[in-house]
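Data from model38.txt: compact mmCIF, C-alpha atoms and all ligand atoms
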```txt
# COMPACT_ATOMS: atom_id res chain seq x y z
CA MET A 282 104.95 94.79 101.61
CA MET A 283 107.05 97.54 100.17
CA ASN A 284 110.68 97.36 101.26
CA GLU A 285 112.84 100.41 101.65
CA GLN A 286 114.49 100.06 98.24
CA ASN A 287 111.11 99.82 96.52
CA LEU A 288 109.91 102.83 98.41
CA ARG A 289 112.93 104.80 97.25
CA PHE A 290 112.27 103.73 93.67
CA TRP A 291 108.64 104.87 93.83
CA ASN A 292 109.48 108.17 95.49
CA ILE A 293 112.07 109.02 92.87
CA SER A 294 109.75 107.86 90.06
CA PHE A 295 107.08 110.21 91.36
CA GLU A 296 109.63 113.02 91.51
CA VAL A 297 110.35 112.42 87.82
CA TYR A 298 106.78 111.88 86.60
CA GLU A 299 104.88 114.53 88.56
CA ALA A 300 107.00 117.26 87.03
CA LEU A 301 106.13 116.27 83.43
CA PRO A 302 103.34 117.86 81.36
CA ARG A 303 101.93 114.37 80.87
CA GLN A 304 102.52 110.98 82.45
CA GLY A 305 102.10 109.06 79.20
CA PRO A 306 102.16 109.61 75.43
CA GLY A 307 99.37 111.70 73.90
CA SER A 308 98.48 115.07 72.45
CA ARG A 309 95.68 117.55 71.99
CA ASP A 310 95.35 116.55 68.30
CA CYS A 311 94.96 112.88 69.19
CA ALA A 312 92.34 113.74 71.80
CA ALA A 313 90.48 115.86 69.24
CA ARG A 314 90.59 113.01 66.73
CA ALA A 315 89.24 110.47 69.24
CA LEU A 316 86.57 112.94 70.32
CA ARG A 317 85.41 113.41 66.71
CA LEU A 318 84.68 109.67 66.62
CA CYS A 319 82.14 110.11 69.43
CA ARG A 320 79.30 111.26 67.23
CA GLY A 321 76.06 112.47 68.70
CA LEU A 322 77.35 113.38 72.16
CA PRO A 323 75.06 115.81 73.98
CA SER A 324 76.08 119.45 73.50
CA SER A 325 77.32 119.62 77.09
CA PRO A 326 78.39 116.06 77.87
CA ALA A 327 79.17 114.70 81.34
CA ILE A 328 82.74 113.38 81.04
CA LEU A 329 84.83 111.29 83.41
CA ASP A 330 88.63 111.17 82.98
CA LEU A 331 90.08 108.08 84.69
CA GLY A 332 93.73 108.07 85.78
CA CYS A 333 94.06 111.72 84.77
CA GLY A 334 97.65 112.24 86.02
CA VAL A 335 98.36 115.97 86.21
CA GLY A 336 95.50 116.45 83.76
CA ALA A 337 96.92 117.48 80.37
CA GLN A 338 94.10 115.71 78.54
CA THR A 339 91.54 116.85 81.12
CA LEU A 340 92.32 120.47 80.23
CA HIS A 341 92.26 119.64 76.51
CA LEU A 342 88.83 118.08 76.90
CA ALA A 343 87.66 121.25 78.61
CA GLU A 344 88.80 123.25 75.57
CA LEU A 345 87.45 120.78 73.02
CA THR A 346 83.97 120.40 74.56
CA SER A 347 81.63 122.51 76.61
CA GLY A 348 80.97 119.60 78.93
CA HIS A 349 81.38 119.07 82.65
CA ILE A 350 84.45 117.02 83.42
CA THR A 351 85.32 115.01 86.50
CA ALA A 352 88.88 113.72 86.69
CA ILE A 353 90.20 111.15 89.13
CA ASP A 354 93.61 109.75 89.95
CA ASN A 355 94.77 107.74 92.96
CA HIS A 356 98.01 109.71 93.34
CA ALA A 357 97.07 112.76 95.41
CA PRO A 358 99.95 115.06 94.28
CA ASN A 359 98.71 114.73 90.66
CA ILE A 360 95.26 115.89 91.74
CA HIS A 361 96.75 118.82 93.69
CA ARG A 362 98.62 119.95 90.59
CA LEU A 363 95.56 119.66 88.41
CA ASN A 364 93.43 121.54 90.93
CA GLU A 365 95.97 124.36 90.94
CA LYS A 366 95.69 124.62 87.16
CA ILE A 367 91.90 124.50 87.25
CA ILE A 368 91.86 127.42 89.68
CA GLU A 369 94.51 129.33 87.72
CA LYS A 370 92.44 128.97 84.52
CA GLY A 371 89.20 129.83 86.33
CA MET A 372 87.59 126.58 85.20
CA SER A 373 86.21 125.23 88.44
CA GLN A 374 82.63 125.61 87.17
CA ARG A 375 83.19 122.85 84.63
CA LEU A 376 86.14 120.87 85.92
CA ARG A 377 86.47 118.85 89.07
CA ALA A 378 89.51 116.79 90.07
CA GLN A 379 89.50 114.38 92.98
CA VAL A 380 91.52 111.54 94.43
CA GLY A 381 89.85 108.24 93.61
CA ASP A 382 90.43 104.64 92.61
CA MET A 383 89.26 103.84 89.11
CA ALA A 384 88.69 100.22 90.14
CA ASP A 385 85.96 101.51 92.43
CA PRO A 386 84.86 105.00 91.42
CA LYS A 387 82.21 106.39 93.72
CA PHE A 388 79.70 107.54 91.14
CA PRO A 389 76.16 106.29 90.58
CA PRO A 390 75.58 104.00 87.57
CA GLU A 391 74.89 105.66 84.22
CA SER A 392 76.25 109.06 85.31
CA PHE A 393 78.38 109.87 82.25
CA ASP A 394 78.10 110.38 78.49
CA LEU A 395 81.79 109.78 77.91
CA VAL A 396 84.49 108.01 79.89
CA TRP A 397 88.00 109.05 78.84
CA SER A 398 91.26 107.45 79.89
CA GLU A 399 94.75 107.89 78.44
CA GLY A 400 97.40 105.34 79.36
CA ALA A 401 95.81 104.38 82.65
CA LEU A 402 93.19 101.62 82.33
CA TYR A 403 95.80 98.87 82.05
CA ASN A 404 96.60 99.44 85.72
CA ILE A 405 93.40 97.64 86.71
CA GLY A 406 93.27 95.33 83.64
CA ILE A 407 91.43 96.33 80.48
CA GLY A 408 88.58 93.82 81.00
CA ASN A 409 87.96 95.00 84.54
CA ALA A 410 88.19 98.64 83.43
CA LEU A 411 85.64 98.08 80.67
CA ARG A 412 83.25 96.57 83.21
CA VAL A 413 83.67 99.64 85.43
CA CYS A 414 83.22 102.04 82.49
CA ARG A 415 80.17 100.22 81.19
CA ARG A 416 78.44 100.65 84.54
CA LEU A 417 79.22 104.39 84.65
CA LEU A 418 78.01 105.15 81.12
CA HIS A 419 74.53 105.93 79.90
CA PRO A 420 73.36 103.38 77.34
CA GLY A 421 74.77 104.66 74.05
CA GLY A 422 77.56 106.53 75.89
CA TYR A 423 81.15 106.43 74.68
CA ILE A 424 84.48 105.28 75.99
CA ALA A 425 87.73 106.66 74.56
CA PHE A 426 91.00 105.26 75.86
CA THR A 427 94.61 104.57 74.91
CA ASP A 428 96.43 101.34 75.58
CA ALA A 429 99.87 100.01 74.77
CA VAL A 430 99.87 97.21 72.17
CA TRP A 431 102.41 95.06 70.37
CA ARG A 432 102.95 95.87 66.73
CA LYS A 433 105.80 93.62 65.63
CA GLU A 434 106.61 89.98 66.39
CA ASN A 435 109.75 88.81 68.19
CA PRO A 436 110.69 91.86 70.24
CA PRO A 437 114.24 91.96 71.59
CA LEU A 438 114.74 90.62 75.12
CA LYS A 439 115.09 94.14 76.55
CA VAL A 440 111.66 95.13 75.26
CA ARG A 441 110.04 91.88 76.35
CA GLU A 442 111.49 92.21 79.84
CA SER A 443 110.42 95.81 80.18
CA PHE A 444 106.78 95.08 79.33
CA LEU A 445 106.83 91.88 81.36
CA GLN A 446 107.46 94.12 84.31
CA ASP A 447 105.20 97.08 83.46
CA TYR A 448 102.37 95.46 81.53
CA PRO A 449 102.63 91.66 81.44
CA THR A 450 99.18 91.17 79.86
CA MET A 451 99.77 93.64 77.00
CA GLY A 452 98.16 92.34 73.79
CA TRP A 453 97.75 93.25 70.13
CA ILE A 454 95.11 95.60 68.71
CA ASN A 455 92.81 92.63 68.04
CA ASP A 456 93.02 91.47 71.65
CA VAL A 457 91.79 94.85 72.85
CA VAL A 458 89.06 94.92 70.20
CA ALA A 459 87.91 91.45 71.34
CA LYS A 460 87.74 92.68 74.95
CA ILE A 461 85.75 95.74 73.89
CA GLN A 462 83.18 93.53 72.17
CA GLU A 463 83.14 90.99 74.98
CA HIS A 464 82.09 93.77 77.37
CA GLU A 465 79.16 94.84 75.21
CA PHE A 466 80.66 97.83 73.54
CA GLU A 467 80.60 98.47 69.83
CA LEU A 468 83.98 99.50 68.43
CA VAL A 469 83.67 102.89 66.74
CA GLY A 470 87.25 103.38 65.62
CA HIS A 471 90.90 103.22 66.57
CA PHE A 472 94.19 104.78 65.49
CA THR A 473 97.85 104.60 66.42
CA LEU A 474 99.43 107.54 68.25
CA PRO A 475 102.15 109.08 66.06
CA ASP A 476 105.67 108.71 67.39
CA ASP A 477 106.26 112.43 68.04
CA VAL A 478 103.62 112.46 70.80
CA TRP A 479 105.80 110.07 72.81
CA TRP A 480 108.51 112.71 72.84
CA GLU A 481 106.93 116.13 72.87
CA ASP A 482 105.23 116.23 76.26
CA PHE A 483 106.54 112.99 77.68
CA TYR A 484 109.99 111.51 76.96
CA THR A 485 111.79 114.77 76.05
CA PRO A 486 110.77 116.48 79.32
CA MET A 487 111.39 113.18 81.14
CA GLU A 488 114.99 113.04 79.97
CA ALA A 489 115.47 116.69 80.96
CA ARG A 490 113.96 116.04 84.39
CA ILE A 491 116.21 113.02 84.91
CA THR A 492 119.27 115.14 84.09
CA GLU A 493 118.09 117.78 86.54
CA LEU A 494 117.60 115.20 89.30
CA HIS A 495 120.99 113.64 88.49
CA ASP A 496 122.59 116.93 89.53
CA GLN A 497 120.39 117.23 92.57
CA TYR A 498 121.24 113.70 93.75
CA SER A 499 124.95 113.78 92.88
CA GLY A 500 126.84 111.59 95.36
CA ASP A 501 123.75 109.55 96.25
CA GLU A 502 124.59 106.29 94.48
CA GLU A 503 121.27 104.61 95.17
CA ALA A 504 119.25 107.53 93.76
CA LEU A 505 121.49 107.79 90.70
CA LYS A 506 121.03 104.09 89.99
CA ILE A 507 117.27 104.48 90.19
CA LEU A 508 117.39 107.48 87.81
CA ASP A 509 119.45 105.43 85.34
CA GLN A 510 116.88 102.68 85.58
CA ILE A 511 114.04 105.12 84.82
CA ALA A 512 116.07 106.57 81.92
CA GLU A 513 116.04 103.15 80.25
CA GLU A 514 112.41 103.59 79.15
CA PRO A 515 112.88 106.55 76.77
CA LYS A 516 116.16 104.99 75.59
CA MET A 517 114.35 101.77 74.75
CA HIS A 518 111.73 103.75 72.89
CA ARG A 519 114.33 105.59 70.82
CA ARG A 520 115.68 102.25 69.66
CA TYR A 521 112.74 99.88 69.54
CA SER A 522 109.54 101.89 69.07
CA ASP A 523 108.59 99.83 66.02
CA TYR A 524 107.78 96.87 68.29
CA TYR A 525 105.01 98.55 70.29
CA ALA A 526 102.63 101.48 70.10
CA TYR A 527 99.88 103.30 71.88
CA GLU A 528 96.49 102.83 70.28
CA PHE A 529 93.49 105.11 70.81
CA PHE A 530 90.23 103.14 70.92
CA THR A 531 86.73 104.60 70.81
CA ALA A 532 83.71 102.44 71.52
CA ARG A 533 80.05 102.85 72.28
CA ARG A 534 78.09 101.18 75.05
CA LEU A 535 75.38 99.05 73.44
CA GLU A 536 71.86 100.05 74.43
CA ILE A 537 71.00 96.72 76.03
CA SER A 538 71.79 96.38 79.73
N1 LIG B 601 96.20 110.20 81.73
C1 LIG B 601 97.47 110.80 82.12
C2 LIG B 601 98.26 109.92 83.10
C3 LIG B 601 98.69 108.57 82.58
S1 LIG B 601 99.74 107.69 83.72
C4 LIG B 601 98.29 111.13 80.90
O1 LIG B 601 98.08 110.49 79.85
O2 LIG B 601 99.17 111.99 80.98
C5 LIG B 601 98.59 106.66 84.58
C6 LIG B 601 97.91 107.36 85.74
O3 LIG B 601 97.00 106.45 86.33
C7 LIG B 601 98.86 107.79 86.86
O4 LIG B 601 98.67 109.16 87.10
C8 LIG B 601 98.45 106.95 88.05
O5 LIG B 601 98.56 107.65 89.28
C9 LIG B 601 97.00 106.62 87.72
N2 LIG B 601 96.47 105.40 88.34
C10 LIG B 601 97.06 104.19 88.41
N3 LIG B 601 96.24 103.31 89.02
C11 LIG B 601 95.11 103.99 89.34
C12 LIG B 601 93.90 103.64 89.99
N4 LIG B 601 93.67 102.39 90.41
N5 LIG B 601 92.96 104.60 90.15
C13 LIG B 601 93.17 105.86 89.71
N6 LIG B 601 94.30 106.25 89.10
C14 LIG B 601 95.25 105.33 88.90
```
Represent the structure contained in this file as structure tokens.
Amino acid sequence: MMNEQNLRFWNISFEVYEALPRQGPGSRDCAARALRLCRGLPSSPAILDLGCGVGAQTLHLAELTSGHITAIDNHAPNIHRLNEKIIEKGMSQRLRAQVGDMADPKFPPESFDLVWSEGALYNIGIGNALRVCRRLLHPGGYIAFTDAVWRKENPPLKVRESFLQDYPTMGWINDVVAKIQEHEFELVGHFTLPDDVWWEDFYTPMEARITELHDQYSGDEEALKILDQIAEEPKMHRRYSDYYAYEFFTARRLEIS
């Protein structure tokens, strides 16, 4: 059960995150690079974006392909924001955003040519997510996703503790590759997200948002403490980013079922 302090933490976290252009590291260039690895997609692919957040990459995918894109996230305010943008850009013919749980997406099997997910699959465990994605993809369909991985041994205590809390099962690139193969996908390629994409649309606006909320909550000690706690993540990254990275993986569902 969520106690009041936890509830406060989540509410303030949402206030920080919802206002950002993205809820994780990534960029249009990285999406384009991962997309180029998905050779032989139909000219108008059916795409599913899992854990879309406010939909930065969903909108990029709409620019980079002429496909039909469905985006889901289990946090309703993210979906409201994305729907506002879809309407504003007049893209509702090709883009659909809805609240949904990626552990149990309500789509028939083999409905998609490409399942996309940036910085979200780990929430339900990569193995479990791959099982879900496999079911949703046509044989020969692609999955493209990012996941946090270790890249240097012996991280400082602060880094270890942070990931122990946020992503205790985080592995190395080879662990993710092994999971991909275990779930009957063929690895097509992978690359590390460059460090600037952590800052541009993610940590730089996050630090600005935290400063803004600091003013708004001045005098509210509990809220200020929570904001300081959230501010630790970009600070840690500034200092220790050589210990971990985000890796983009692209894989293809093997034909056999
Ligand atoms: N893809 C976006 C958001 C990444 S943050 C980006 O890169 O900017 C991870 C997102 O996953 C959050 O928006 C969170 O609400 C969503 N999420 C977490 N668990 C989920 C679940 N079980 N089903 C659907 N979405 C989930």
Asp385 in chain A surroundings by all atoms listed in the file, 12 Å radius, close-in-sequence under 6 positions cut, as a short mmCIF file (atom, residue, chain, number, x, y, z; two decimals) with C-alpha atoms, keeping the file's coordinate frame:
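Ended up saving to selection-v7.cif:
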```
data_model
loop_
_atom_site.label_atom_id
_atom_site.label_comp_id
_atom_site.auth_asym_id
_atom_site.auth_seq_id
_atom_site.Cartn_x
_atom_site.Cartn_y
_atom_site.Cartn_z
CA LEU A 331 90.08 108.08 84.69
CA ILE A 353 90.20 111.15 89.13
CA ASP A 354 93.61 109.75 89.95
CA ASN A 355 94.77 107.74 92.96
CA ILE A 405 93.40 97.64 86.71
CA ASN A 409 87.96 95.00 84.54
CA ALA A 410 88.19 98.64 83.43
CA ARG A 412 83.25 96.57 83.21
CA VAL A 413 83.67 99.64 85.43
CA CYS A 414 83.22 102.04 82.49
CA ARG A 416 78.44 100.65 84.54
CA LEU A 417 79.22 104.39 84.65
#
```
_I need the residue nearest ligand LIG 601 (chain B) from this list: A:Leu402, A:Ala312, A:Ala378, A:Leu318. Use all atoms listed in the file for the distance._
A:Leu402
_To check your reading of the model: which residues sit at most 6 Å from ligand LIG 601 (chain B) when counting only C-alpha atoms and all ligand atoms? Write the answer as an NGL selection string._
:A and (303-305 or 332-334 or 337 or 354-356 or 381-384 or 398-401 or 404)
*Could you pull the residues within 12 Å of Pro437 in chain A, counting all atoms listed in the file, minus those fewer than 6 positions along the same chain, as an NGL selection string?*
:A and (443-444 or 517 or 520-525)
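For the atom pair formed by CA of Val380 in chain A and CA of Leu301 in chain A, the distance is 18.9 Å, given to one decimal.
Residues with any atom within 7 Å of the point (103.5, 117.4, 91.5), counting all atoms listed in the file, are Glu299, Ala300, Pro358, Asn359 and Arg362 of chain A.
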